[in-house]
$ cat upload07.cif   # mmCIF, C-alpha atoms
data_protein
#
loop_
_atom_site.label_atom_id
_atom_site.label_comp_id
_atom_site.auth_asym_id
_atom_site.auth_seq_id
_atom_site.Cartn_x
_atom_site.Cartn_y
_atom_site.Cartn_z
CA MET A 27 12.52 181.77 143.08
CA THR A 28 15.23 182.43 145.68
CA HIS A 29 16.52 181.00 148.94
CA THR A 30 13.94 183.20 150.67
CA SER A 31 11.03 181.68 148.76
CA LEU A 32 12.36 178.21 149.56
CA MET A 33 12.53 179.00 153.28
CA ASN A 34 9.16 180.53 154.11
CA GLU A 35 5.46 180.08 153.42
CA ASP A 36 6.07 180.64 149.70
CA TRP A 37 7.40 177.09 149.58
CA GLN A 38 3.96 175.65 150.27
CA HIS A 39 2.62 177.73 147.37
CA ILE A 40 5.28 176.17 145.11
CA VAL A 41 4.30 172.67 146.30
CA ASP A 42 0.64 173.43 145.58
CA ARG A 43 1.50 174.71 142.10
CA LEU A 44 3.21 171.39 141.41
CA GLY A 45 0.14 169.37 142.36
CA GLY A 46 0.53 169.02 146.11
CA THR A 47 2.50 166.80 148.45
CA GLU A 48 0.84 163.50 147.55
CA ARG A 49 1.29 163.97 143.82
CA LEU A 50 4.95 164.90 144.26
CA GLU A 51 5.54 161.83 146.44
CA ILE A 52 3.97 159.54 143.84
CA SER A 53 5.87 161.02 140.88
CA ALA A 54 9.19 160.90 142.79
CA ARG A 55 8.71 157.21 143.58
CA ASP A 56 7.57 156.37 140.04
CA THR A 57 10.74 157.91 138.59
CA LYS A 58 12.99 156.39 141.29
CA ALA A 59 14.10 159.84 142.45
CA PHE A 60 12.89 159.06 145.98
CA VAL A 61 12.53 155.39 146.90
CA ARG A 62 12.31 155.41 150.70
CA PRO A 63 12.76 157.92 153.54
CA ARG A 64 16.18 157.74 155.14
CA ALA A 65 18.26 160.85 155.74
CA ILE A 66 15.71 162.78 153.66
CA GLY A 67 12.21 162.40 155.05
CA SER A 68 10.06 163.05 151.97
CA ALA A 69 10.08 163.79 148.25
CA VAL A 70 8.96 167.36 149.02
CA ASP A 71 12.04 167.90 151.20
CA LEU A 72 14.22 166.41 148.46
CA LEU A 73 12.77 168.78 145.87
CA ARG A 74 13.30 171.74 148.17
CA LEU A 75 16.94 170.77 148.66
CA ILE A 76 17.55 170.12 144.95
CA LEU A 77 16.07 173.48 143.92
CA THR A 78 18.09 175.24 146.62
CA TYR A 79 21.31 173.85 145.19
CA CYS A 80 20.46 174.31 141.51
CA LEU A 81 19.14 177.86 141.85
CA GLY A 82 21.80 178.98 144.30
CA GLN A 83 25.26 180.25 143.50
CA ARG A 84 27.37 178.72 146.26
CA GLY A 85 27.63 175.01 145.54
CA LEU A 86 26.87 171.74 147.25
CA ARG A 87 28.40 172.56 150.63
CA SER A 88 26.41 175.77 150.92
CA ALA A 89 23.15 174.00 150.05
CA THR A 90 23.68 171.23 152.60
CA GLY A 91 24.75 173.77 155.22
CA TRP A 92 21.55 175.76 154.63
CA ALA A 93 19.41 172.62 154.87
CA ARG A 94 21.12 171.68 158.13
CA SER A 95 20.69 175.18 159.59
CA ILE A 96 16.90 175.20 159.12
CA GLY A 97 16.46 171.61 160.24
CA LEU A 98 15.37 170.35 156.83
CA VAL A 99 17.89 167.53 156.44
CA ASP A 100 21.42 166.65 157.53
CA ILE A 101 23.36 165.06 154.68
CA SER A 102 26.80 165.52 153.14
CA ASN A 103 27.52 167.29 149.88
CA VAL A 104 28.47 163.92 148.36
CA ALA A 105 25.07 162.51 149.31
CA LEU A 106 23.33 165.52 147.78
CA LEU A 107 25.21 165.02 144.52
CA TYR A 108 24.16 161.36 144.50
CA ARG A 109 20.52 162.36 144.98
CA LEU A 110 20.74 165.02 142.27
CA ARG A 111 21.98 162.48 139.73
CA HIS A 112 18.81 160.43 140.25
CA CYS A 113 16.41 163.36 139.86
CA GLY A 114 16.66 163.98 136.10
CA ASP A 115 13.59 161.96 135.10
CA TRP A 116 11.56 163.39 137.98
CA LEU A 117 12.35 167.00 137.15
CA ASN A 118 11.66 166.30 133.48
CA LEU A 119 8.24 164.94 134.50
CA LEU A 120 7.53 168.01 136.65
CA VAL A 121 8.46 170.32 133.76
CA GLY A 122 6.07 168.39 131.50
CA GLN A 123 3.26 168.63 134.06
CA ALA A 124 3.80 172.36 134.51
CA LEU A 125 3.64 172.83 130.75
CA ALA A 126 0.48 170.73 130.49
CA CYS A 127 -1.29 172.80 133.15
CA ALA A 128 -0.89 175.91 131.01
CA ALA A 129 -1.41 174.16 127.67
CA PRO A 130 -3.20 176.55 125.28
CA GLN A 131 -6.00 175.67 122.90
CA ALA A 132 -6.23 177.10 119.41
CA SER A 133 -9.87 178.15 119.51
CA GLY A 134 -11.41 181.50 118.69
CA GLY A 135 -8.28 183.60 118.33
CA ARG A 136 -5.45 181.61 116.76
CA LEU A 137 -2.71 180.25 118.99
CA ILE A 138 0.67 181.71 118.00
CA ARG A 139 3.75 179.60 118.73
CA LEU A 140 7.20 181.14 118.49
CA ILE A 141 9.80 178.44 117.83
CA ASP A 142 13.48 178.81 118.70
CA GLY A 143 16.22 177.41 120.86
CA THR A 144 18.92 178.55 123.21
CA SER A 145 21.96 176.83 124.63
CA VAL A 146 24.24 176.80 127.64
CA PRO A 147 27.82 175.49 127.62
CA LYS A 148 28.83 172.22 129.17
CA ALA A 149 31.41 172.52 131.91
CA GLY A 150 35.10 171.79 131.48
CA ALA A 151 37.95 172.95 129.28
CA ALA A 152 37.53 170.05 126.84
CA ALA A 153 33.83 170.79 126.37
CA LYS A 154 34.56 174.47 125.76
CA LYS A 155 37.29 173.65 123.25
CA ASN A 156 35.01 171.27 121.33
CA ASN A 157 31.94 173.54 121.61
CA LYS A 158 29.91 171.04 123.64
CA LEU A 159 26.52 172.43 124.64
CA TRP A 160 23.20 171.73 126.25
CA ARG A 161 20.55 172.81 123.74
CA ILE A 162 17.08 173.86 124.92
CA HIS A 163 14.45 173.59 122.17
CA SER A 164 11.47 175.79 123.00
CA ALA A 165 8.08 177.13 122.00
CA PHE A 166 6.75 180.39 123.41
CA ASP A 167 2.97 180.69 123.19
CA LEU A 168 0.96 183.84 122.53
CA PRO A 169 -1.22 185.47 123.68
CA GLY A 170 -0.54 183.60 126.93
CA GLU A 171 3.09 184.84 127.03
CA ARG A 172 4.24 181.44 128.35
CA PHE A 173 6.77 178.84 127.39
CA GLY A 174 4.65 176.02 126.04
CA TYR A 175 7.35 173.44 125.32
CA PHE A 176 10.87 172.53 126.37
CA GLU A 177 13.13 169.75 125.19
CA LEU A 178 16.69 169.34 126.43
CA THR A 179 19.33 167.74 124.19
CA ASP A 180 23.04 167.99 123.56
CA GLU A 181 24.59 169.87 120.64
CA LYS A 182 24.16 166.89 118.29
CA SER A 183 20.38 167.42 118.05
CA GLY A 184 19.67 170.16 115.54
CA GLU A 185 16.82 172.62 115.35
CA ARG A 186 13.70 171.16 113.71
CA LEU A 187 10.46 172.95 112.98
CA ASP A 188 8.41 169.80 113.66
CA ARG A 189 10.14 168.82 116.92
CA ILE A 190 7.29 170.39 118.90
CA PRO A 191 3.86 168.70 118.68
CA VAL A 192 1.39 170.72 116.62
CA VAL A 193 -1.78 172.15 118.13
CA LYS A 194 -4.37 172.12 115.35
CA GLY A 195 -5.04 175.66 114.16
CA GLU A 196 -1.81 177.15 115.50
CA ILE A 197 0.36 179.65 113.64
CA ARG A 198 4.01 178.61 114.00
CA ILE A 199 6.56 181.44 113.62
CA ALA A 200 10.29 180.84 113.23
CA ASP A 201 13.51 182.34 111.95
CA ARG A 202 15.45 181.30 108.85
CA ALA A 203 17.18 178.35 110.56
CA PHE A 204 13.78 176.62 110.43
CA MET A 205 13.25 177.07 106.69
CA GLN A 206 12.96 173.27 106.28
CA PRO A 207 10.44 172.32 103.56
CA ASP A 208 9.94 168.71 104.64
CA ARG A 209 9.46 169.80 108.26
CA ILE A 210 7.06 172.54 107.18
CA ALA A 211 5.01 169.88 105.41
CA VAL A 212 4.66 167.94 108.67
CA VAL A 213 3.31 171.04 110.45
CA LEU A 214 0.85 171.78 107.64
CA ASP A 215 -0.36 168.17 107.50
CA ALA A 216 -1.03 168.31 111.26
CA GLY A 217 -3.33 171.32 110.85
CA GLY A 218 -0.94 174.17 111.63
CA ASP A 219 0.14 177.20 109.62
CA VAL A 220 3.61 178.73 109.35
CA VAL A 221 5.26 182.12 109.08
CA ILE A 222 8.97 181.61 108.51
CA ARG A 223 11.79 183.91 107.51
CA ALA A 224 13.96 182.64 104.67
CA GLY A 225 17.28 183.33 103.04
CA TRP A 226 17.35 183.80 99.32
CA LYS A 227 19.50 180.68 98.81
CA ASN A 228 18.21 178.30 101.48
CA ALA A 229 15.21 177.08 99.48
CA ARG A 230 14.52 175.73 95.99
CA TRP A 231 12.12 178.38 94.70
CA LEU A 232 9.72 177.28 91.97
CA ASP A 233 6.89 178.82 89.94
CA ALA A 234 3.45 177.31 89.34
CA ASP A 235 4.81 175.18 86.48
CA GLY A 236 7.63 173.73 88.57
CA ARG A 237 10.34 175.83 86.91
CA ALA A 238 13.08 177.60 88.88
CA PHE A 239 11.89 180.96 90.18
CA ASP A 240 14.44 183.80 90.00
CA LEU A 241 14.07 185.52 93.37
CA LEU A 242 16.70 188.15 92.61
CA ALA A 243 14.89 189.12 89.42
CA ALA A 244 11.69 189.49 91.45
CA PHE A 245 13.56 191.81 93.84
CA ARG A 246 14.80 193.97 90.98
CA LYS A 247 11.32 194.16 89.46
CA ALA A 248 9.78 195.17 92.80
CA ALA A 249 12.60 197.52 93.84
CA GLU A 250 10.58 200.72 93.40
CA ARG A 251 7.51 199.43 95.23
CA GLY A 252 9.63 197.67 97.85
CA LEU A 253 7.08 194.90 98.42
CA ILE A 254 6.30 191.41 97.10
CA ASP A 255 3.27 189.31 98.01
CA GLN A 256 2.61 186.40 95.65
CA PRO A 257 2.24 182.61 95.46
CA ILE A 258 5.46 180.59 95.54
CA TRP A 259 6.33 176.90 95.46
CA VAL A 260 9.19 175.40 97.42
CA GLY A 261 10.83 172.16 96.39
CA ARG A 262 11.23 169.29 98.84
CA LYS A 263 13.65 166.38 99.15
CA SER A 264 10.66 164.05 99.20
CA GLY A 265 7.10 164.66 98.07
CA CYS A 266 5.50 167.36 96.01
CA ALA A 267 6.57 170.98 96.15
CA LEU A 268 4.90 173.06 98.84
CA ALA A 269 2.45 175.70 97.68
CA LEU A 270 3.14 178.69 99.90
CA ARG A 271 3.05 182.46 99.81
CA LEU A 272 6.07 184.72 99.42
CA VAL A 273 6.03 188.00 101.32
CA ALA A 274 9.12 190.19 101.00
CA VAL A 275 9.66 193.78 102.04
CA LYS A 276 12.61 196.02 101.27
CA LYS A 277 14.43 197.26 104.33
CA PRO A 278 14.79 200.98 105.08
CA THR A 279 18.00 202.47 103.69
CA GLN A 280 19.89 202.51 106.97
CA ALA A 281 18.92 198.93 107.85
CA ALA A 282 19.81 197.72 104.34
CA GLU A 283 23.25 199.33 104.53
CA ALA A 284 23.87 197.71 107.91
CA ALA A 285 22.81 194.32 106.51
CA ARG A 286 25.18 194.65 103.55
CA ARG A 287 28.06 195.59 105.86
CA LYS A 288 27.36 192.52 107.98
CA VAL A 289 27.32 190.27 104.92
CA ARG A 290 30.72 191.59 103.80
CA ARG A 291 32.16 191.41 107.33
CA ASP A 292 31.02 187.79 107.75
CA ALA A 293 32.55 186.84 104.40
CA GLN A 294 35.85 188.49 105.31
CA ARG A 295 35.95 186.73 108.68
CA GLU A 296 35.16 183.32 107.16
CA GLY A 297 37.55 183.82 104.24
CA TYR A 298 35.22 183.64 101.24
CA THR A 299 34.06 186.04 98.54
CA VAL A 300 30.47 187.17 98.95
CA SER A 301 28.30 187.03 95.81
CA GLN A 302 26.52 190.05 94.41
CA GLY A 303 23.25 188.16 94.79
CA THR A 304 23.79 187.83 98.53
CA ILE A 305 24.54 191.55 98.79
CA ASP A 306 21.38 192.41 96.82
CA ALA A 307 19.22 190.04 98.85
CA ALA A 308 20.46 191.62 102.09
CA ASP A 309 18.20 194.58 101.28
CA TRP A 310 15.09 192.41 101.77
CA VAL A 311 13.25 190.63 104.57
CA ILE A 312 11.98 187.39 103.02
CA ILE A 313 9.08 185.49 104.60
CA VAL A 314 7.15 182.44 103.48
CA THR A 315 3.76 181.56 104.93
CA SER A 316 0.85 179.21 104.46
CA LEU A 317 -1.67 181.82 105.62
CA PRO A 318 -4.06 182.88 102.82
CA PRO A 319 -4.09 186.53 101.64
CA GLU A 320 -7.88 186.80 101.91
CA ALA A 321 -7.61 186.22 105.70
CA PHE A 322 -4.18 187.71 106.44
CA SER A 323 -3.01 190.82 104.62
CA THR A 324 0.61 191.62 103.84
CA ARG A 325 0.65 193.91 106.84
CA ASP A 326 -0.70 191.08 109.02
CA ILE A 327 2.08 188.70 107.95
CA LEU A 328 4.80 191.25 108.69
CA ALA A 329 3.21 192.04 112.06
CA LEU A 330 3.05 188.34 112.93
CA TYR A 331 6.71 187.83 112.15
CA ARG A 332 7.69 190.83 114.26
CA LEU A 333 6.26 188.99 117.28
CA ARG A 334 9.25 186.65 117.14
CA TRP A 335 11.25 188.89 119.48
CA ARG A 336 8.97 187.77 122.33
CA ILE A 337 10.74 184.42 122.61
CA GLU A 338 14.07 186.25 122.86
CA LEU A 339 12.59 188.14 125.80
CA GLY A 340 11.54 184.79 127.28
CA PHE A 341 15.11 183.51 127.00
CA LYS A 342 16.38 186.70 128.61
CA ARG A 343 14.07 186.10 131.56
CA LEU A 344 15.30 182.52 131.81
CA LYS A 345 18.94 183.54 131.93
CA SER A 346 18.76 186.80 133.90
CA LEU A 347 15.80 186.26 136.22
CA ILE A 348 16.37 182.56 136.90
CA GLY A 349 20.14 182.61 136.37
CA LEU A 350 20.40 179.82 133.82
CA ALA A 351 24.01 179.42 132.76
CA GLY A 352 26.34 176.52 132.14
CA PRO A 353 25.81 173.83 134.79
CA PRO A 354 28.73 172.99 137.09
CA GLY A 355 30.50 169.67 136.69
CA THR A 356 31.03 167.51 133.62
CA ASP A 357 28.71 164.62 134.48
CA ALA A 358 25.51 164.62 132.41
CA ARG A 359 23.67 162.88 135.27
CA SER A 360 23.98 166.01 137.42
CA ALA A 361 24.01 168.62 134.62
CA ARG A 362 20.66 167.51 133.18
CA PRO A 363 18.63 167.95 136.42
CA TRP A 364 20.46 171.25 137.06
CA VAL A 365 19.17 172.67 133.76
CA LEU A 366 15.70 171.13 134.25
CA ALA A 367 15.41 172.78 137.68
CA HIS A 368 15.85 176.18 136.01
CA LEU A 369 13.25 175.36 133.36
CA LEU A 370 10.80 174.32 136.08
CA SER A 371 11.47 177.57 137.93
CA ILE A 372 10.70 179.84 134.98
CA LEU A 373 7.40 177.98 134.44
CA LEU A 374 6.46 178.58 138.07
CA LEU A 375 7.52 182.23 138.00
CA GLU A 376 6.09 183.37 134.65
CA PRO A 377 2.58 184.11 135.99
CA LEU A 378 4.07 186.09 138.90
CA VAL A 379 6.33 188.11 136.59
CA ASP A 380 3.41 188.90 134.28
CA ALA A 381 1.27 189.98 137.23
CA LEU A 382 4.04 192.32 138.37
CA GLU A 383 4.53 193.80 134.91
CA ASP A 384 0.76 194.30 134.51
CA SER A 385 0.39 195.96 137.92
CA PRO A 386 -0.76 199.61 137.68
CA HIS A 387 1.61 200.47 140.55
CA TRP A 388 4.55 198.94 138.68
CA ALA A 389 3.58 200.64 135.42
CA SER A 390 3.32 204.06 137.07
CA ALA A 391 6.78 203.66 138.56
CA ALA A 392 8.38 202.83 135.21
#
$ encode --input "upload07.cif" --output "structure tokens"
Amino acid sequence: MTHTSLMNEDWQHIVDRLGGTERLEISARDTKAFVRPRAIGSAVDLLRLILTYCLGQRGLRSATGWARSIGLVDISNVALLYRLRHCGDWLNLLVGQALACAAPQASGGRLIRLIDGTSVPKAGAAAKKNNKLWRIHSAFDLPGERFGYFELTDEKSGERLDRIPVVKGEIRIADRAFMQPDRIAVVLDAGGDVVIRAGWKNARWLDADGRAFDLLAAFRKAAERGLIDQPIWVGRKSGCALALRLVAVKKPTQAAEAARRKVRRDAQREGYTVSQGTIDAADWVIIVTSLPPEAFSTRDILALYRLRWRIELGFKRLKSLIGLAGPPGTDARSARPWVLAHLLSILLLEPLVDALEDSPHWASAA
């Protein structure tokens, strides 16, 4: 979505994708983003102006100058900033509606949800010094290849596996930061399944009798075969231990050596002595899942986890294609709608990008 698409007939297509003029007018009034026509004649014109500023690169003066030049509206940059600060709830509602329109159903083939987050820095030297961020919690849905959930918070809100509502029957895939037994239990109780990477020390591993399970000993025993697939129990802070399935595969020699070097380099940088257990565990990819072996083979579990890179590609699109970076200014009232405008844009553009990538003409030119 560019200045060009906001200037020509493409704009009407964007309005239609968002439910049409009447629906936009109603939602803008309900959220107090647009109360009455004054300098700006309608909620649709306001949205057009807000997106022009947020998706552009030249600031408030450039956006108001553009709007004046095409006869859209004649307001000052100060007035535009005031309007922007009142659009956060409206843009958040539009993002939610765009997500709901593409909401997948876990029927027939299982819905796969890739869970992760990304962040952009808050503006200002003080924010940079204190590592202040806007955090975007996300789910990327397969096979639809769409973002299916966004939540915007500051850096104080951590990553949680159960932050995103569960669609019954889904398979939720996440990296080791989401190895959270109590949160996993919430997903399982809601009818979902999980495939989650784990570190050898970030879980309380138990056997069927509730005794501590020696993961390193299991690695040594399986070293020649290079593969583990067995039941495992994981202790929780509250409630009974989770009965899950441990799938671990030994990395190829080159990848294992690189992992060990990284472990040693991280320890040197942070100023601590790395344990031999951590070095040994670096040779393995460790995954826990609730999927049963009779329905999902070891190969299936590993293939499912390898899909996780798709959400990284989604984030790359968000930052390179849409231009999401740190919002200008230090006021959260203007920074929040700025980020939400970019999230709304990627939701509108994803079907167009997929159509381009699937085009035979585009494929033959690659």
$ residues_around --input "upload07.cif" --residues "range 64-66 of chain A" --least-positions-apart "5" --cutoff "7 Å" --atoms "all atoms listed in the file" --output "VMD selection string"
chain A and resid 71 to 72 99 to 101
$ residues_around --input "upload07.cif" --residues "Asp306 in chain A" --least-positions-apart "6" --cutoff "10 Å" --atoms "all atoms listed in the file" --output "number ranges by chain"
A: 226, 242, 245-246, 282, 285-286
$ resolve_selection --input "upload07.cif" --expression "the PyMOL selection byres ((chain A and resi 269) around 9)" --output "CSV table (one decimal) with C-alpha atoms, in the coordinates of the input"
chain,number,residue,atom,x,y,z
A,234,ALA,CA,3.4,177.3,89.3
A,257,PRO,CA,2.2,182.6,95.5
A,258,ILE,CA,5.5,180.6,95.5
A,259,TRP,CA,6.3,176.9,95.5
A,260,VAL,CA,9.2,175.4,97.4
A,267,ALA,CA,6.6,171.0,96.2
A,268,LEU,CA,4.9,173.1,98.8
A,270,LEU,CA,3.1,178.7,99.9
A,271,ARG,CA,3.0,182.5,99.8
A,316,SER,CA,0.8,179.2,104.5
$ closest_residue --input "upload07.cif" --among "A:Lys227, A:Trp92, A:Thr279, A:Leu81" --to "Ile372 in chain A" --atoms "all atoms listed in the file"
A:Leu81
$ atom_distance --input "upload07.cif" --atom1 "CA of Arg295 in chain A" --atom2 "CA of Ile222 in chain A"
27.5 Å
$ closest_residue --input "upload07.cif" --among "A:Gly46, A:Pro278, A:Pro63, A:Gly114" --to "Arg359 in chain A" --atoms "only C-alpha atoms"
A:Gly114
$ residues_around --input "upload07.cif" --residues "Cys113 in chain A" --least-positions-apart "6" --cutoff "10 Å" --atoms "all atoms listed in the file" --output "list in words"
Ala54, Thr57, Lys58, Ala59, Phe60, Leu72, Leu73, Ile76, Leu119, Arg359, Ser360, Arg362, Pro363, Trp364, Leu366 and Ala367 of chain A
$ atom_distance --input "upload07.cif" --atom1 "CA of Gly67 in chain A" --atom2 "CA of Ile96 in chain A"
14.2 Å
$ closest_residue --input "upload07.cif" --among "A:Val193, A:Ala203, A:Ala165, A:Val121" --to "Ala216 in chain A" --atoms "only C-alpha atoms"
A:Val193
$ residues_around --input "upload07.cif" --residues "Ser264 in chain A" --least-positions-apart "6" --cutoff "12 Å" --atoms "all atoms listed in the file" --output "mmCIF file with C-alpha atoms, in the frame of the given file"
data_model
loop_
_atom_site.group_PDB
_atom_site.id
_atom_site.type_symbol
_atom_site.label_atom_id
_atom_site.label_comp_id
_atom_site.auth_asym_id
_atom_site.auth_seq_id
_atom_site.Cartn_x
_atom_site.Cartn_y
_atom_site.Cartn_z
ATOM 1 C CA GLN A 206 12.960 173.270 106.280
ATOM 2 C CA PRO A 207 10.440 172.320 103.560
ATOM 3 C CA ASP A 208 9.940 168.710 104.640
ATOM 4 C CA ARG A 209 9.460 169.800 108.260
ATOM 5 C CA ALA A 211 5.010 169.880 105.410
ATOM 6 C CA VAL A 212 4.660 167.940 108.670
#
$ atom_distance --input "upload07.cif" --atom1 "CA of Leu317 in chain A" --atom2 "CA of Ala329 in chain A"
13.0 Å
$ resolve_selection --input "upload07.cif" --expression "the PyMOL selection byres ((chain A and resi 334) around 12)" --output "ChimeraX atom specification"
/A:138-142,165-168,171,197-202,221-223,327-333,335-341
$ closest_residue --input "upload07.cif" --among "A:His163, A:Arg62, A:Lys288, A:Arg43" --to "Arg186 in chain A" --atoms "all atoms listed in the file"
A:His163
$ closest_residue --input "upload07.cif" --among "A:Arg111, A:Arg251, A:Arg291, A:Arg262" --to "Lys276 in chain A" --atoms "only C-alpha atoms"
A:Arg251
$ closest_residue --input "upload07.cif" --among "A:Ile305, A:Val314, A:Leu232, A:Ala152" --to "Val220 in chain A" --atoms "all atoms listed in the file"
A:Val314
$ residues_near_point --input "upload07.cif" --point "(9.7, 184.4, 103.5)" --cutoff "7 Å" --atoms "all atoms listed in the file" --output "list in words"
Ile222, Arg223, Ala224, Leu272, Val273, Ala274, Ile312, Ile313, Val314 and Thr315 of chain A
$ axis_aligned_box --input "upload07.cif" --around "range 211-222 of chain A" --padding-each-side "4 Å" --output "JSON"
{"center_x": 2.8, "center_y": 175.0, "center_z": 108.5, "size_x": 20.3, "size_y": 22.2, "size_z": 14.2}
$ decode --input "upload07.cif" --residues "range 143-180 of chain A" --atoms "C-alpha atoms" --output "PDB file, in the first residue's frame"
ATOM      1  CA  GLY A 143       6.396 -12.111  18.396  1.00  0.00           C
ATOM      2  CA  THR A 144       8.408  -9.260  17.011  1.00  0.00           C
ATOM      3  CA  SER A 145       9.177  -5.807  18.326  1.00  0.00           C
ATOM      4  CA  VAL A 146       9.972  -2.294  17.197  1.00  0.00           C
ATOM      5  CA  PRO A 147      11.804   0.292  19.314  1.00  0.00           C
ATOM      6  CA  LYS A 148      10.091   3.211  20.939  1.00  0.00           C
ATOM      7  CA  ALA A 149      11.386   6.597  19.848  1.00  0.00           C
ATOM      8  CA  GLY A 150      13.765   8.738  21.864  1.00  0.00           C
ATOM      9  CA  ALA A 151      17.206   8.410  23.412  1.00  0.00           C
ATOM     10  CA  ALA A 152      15.811   7.489  26.844  1.00  0.00           C
ATOM     11  CA  ALA A 153      13.681   4.699  25.390  1.00  0.00           C
ATOM     12  CA  LYS A 154      16.657   3.324  23.467  1.00  0.00           C
ATOM     13  CA  LYS A 155      18.877   3.440  26.542  1.00  0.00           C
ATOM     14  CA  ASN A 156      16.288   1.603  28.653  1.00  0.00           C
ATOM     15  CA  ASN A 157      15.345  -0.853  25.874  1.00  0.00           C
ATOM     16  CA  LYS A 158      11.740   0.333  25.637  1.00  0.00           C
ATOM     17  CA  LEU A 159       9.820  -1.471  22.903  1.00  0.00           C
ATOM     18  CA  TRP A 160       6.484  -2.016  21.251  1.00  0.00           C
ATOM     19  CA  ARG A 161       5.922  -5.777  21.213  1.00  0.00           C
ATOM     20  CA  ILE A 162       3.683  -7.378  18.573  1.00  0.00           C
ATOM     21  CA  HIS A 163       2.367 -10.793  19.632  1.00  0.00           C
ATOM     22  CA  SER A 164       1.303 -12.781  16.575  1.00  0.00           C
ATOM     23  CA  ALA A 165      -0.082 -15.997  15.151  1.00  0.00           C
ATOM     24  CA  PHE A 166       0.541 -16.986  11.542  1.00  0.00           C
ATOM     25  CA  ASP A 167      -1.988 -19.486  10.205  1.00  0.00           C
ATOM     26  CA  LEU A 168      -1.333 -22.309   7.763  1.00  0.00           C
ATOM     27  CA  PRO A 169      -2.263 -23.383   5.170  1.00  0.00           C
ATOM     28  CA  GLY A 170      -3.838 -19.961   4.628  1.00  0.00           C
ATOM     29  CA  GLU A 171      -0.442 -18.200   4.918  1.00  0.00           C
ATOM     30  CA  ARG A 172      -2.065 -15.314   6.823  1.00  0.00           C
ATOM     31  CA  PHE A 173      -1.529 -13.540  10.089  1.00  0.00           C
ATOM     32  CA  GLY A 174      -4.437 -14.713  12.207  1.00  0.00           C
ATOM     33  CA  TYR A 175      -3.836 -12.682  15.358  1.00  0.00           C
ATOM     34  CA  PHE A 176      -2.109  -9.507  16.501  1.00  0.00           C
ATOM     35  CA  GLU A 177      -1.824  -7.987  19.944  1.00  0.00           C
ATOM     36  CA  LEU A 178       0.184  -4.844  20.624  1.00  0.00           C
ATOM     37  CA  THR A 179       1.776  -4.292  24.044  1.00  0.00           C
ATOM     38  CA  ASP A 180       4.838  -2.649  25.518  1.00  0.00           C
TER      39      ASP A 180
END
